[in-house]
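Have a look at the structure below, then the notes.
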Amino acid sequence: MAGAKPTIAVLAVQGAFAEHERRLRTLGCEVIELRQAADLRRPFQGLVLPGGESTVQAKLLRDLDMFDQLRQRIAEGLPTLGTCAGLILLAESVQGAGDLAGLDEETARARVAVEGFGTLPVTVRRNAYGRQLGSFHAMGTLTGSASAAAPAADEGSSLPTDPPPANATTADPVPLTFIRAPRIEAVGAGAAPLVTYEGHPVAVRSGNQIGAAFHPELDDDDRFFRLFLDLVKAAAAT
């Protein structure tokens, strides 16, 4: 992929996909939307699972016959970024049912029952940072690069990465926007924090997967997206 623009697929069945698309194009990527199974036949080198409603997204993925195909590709190493609801879709274990206020009993049961891909070794709790009106902005710490964040599936391997921008280092604070955000309760083997807030991980990486509780597409700082694109470039080079 040397010299070529990477093509990133953004899940566009529900949620905040347009914001991710704008940011990726700004960073020089080609972007395609995944809206139906036929879209999976188009070539792409990375995948973004945006924020939104994880239960709705999981159901639509199954209804549209995309769930199993995407899960297999993620498990096989497709570089994937999941934010907020996307983190919930990736997580191996999900606690809580989210915000059930105002839902009828049948809808509440369905929300609890729907399961995601289960490919990222973390445990998350839905809406642990608060409901919609409790959303907030904070500053966190970027703890490392994509190459150093966590071992790949075959331990001991490393991924090449571009140098960080001259005016931004991993020691600088990183802006965090939380909207009905899940909380990362536990980080399993093979995963490690990429971003922390008050000493607690709010983004992790395992192999070619990155999951974040916050919305990097809503802030101007590009470093988090560049970490993901480092994974995309490295995977394309192998």
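Chain labels A, B, ... are given in the sequence in which chains occur in the structure tokens; within each chain residues are numbered consecutively from 1, and ligands are likewise numbered from 1 in the order shown.
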| said: Taking 3 positions as the minimum chain separation for residues in the same chain, which residues sit within 6 Å of A:Glu92 when counting only C-alpha atoms? Answer as a ChimeraX atom specification. | reply: /A:118-122
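Going from atom CA of A:Met66 over to atom CA of A:Arg25, you cover 24.1 Å.
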| task | Can you work out the spacing between atom CA of A:Pro193 and atom CA of A:Thr26 in Å, to one decimal? | result | 26.0 Å
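For the pair atom CA of A:Gln69 and atom CA of A:Gly28, the separation is 26.7 Å.
Here the question is which of A:Val202, A:Ala191, A:Ile210, A:Ala186 gets nearest to A:Leu229 using only C-alpha atoms, and that residue is A:Ile210.
In terms of minimum interatomic distance to A:Lys5, A:Ala236 ranks closest within A:Ser54, A:Gln95, A:Gly211, A:Ala236, counting only C-alpha atoms.
Closest approach to A:Arg23 among A:Met139, A:Leu81, A:Leu218, A:Leu176: A:Leu218, based on only C-alpha atoms.
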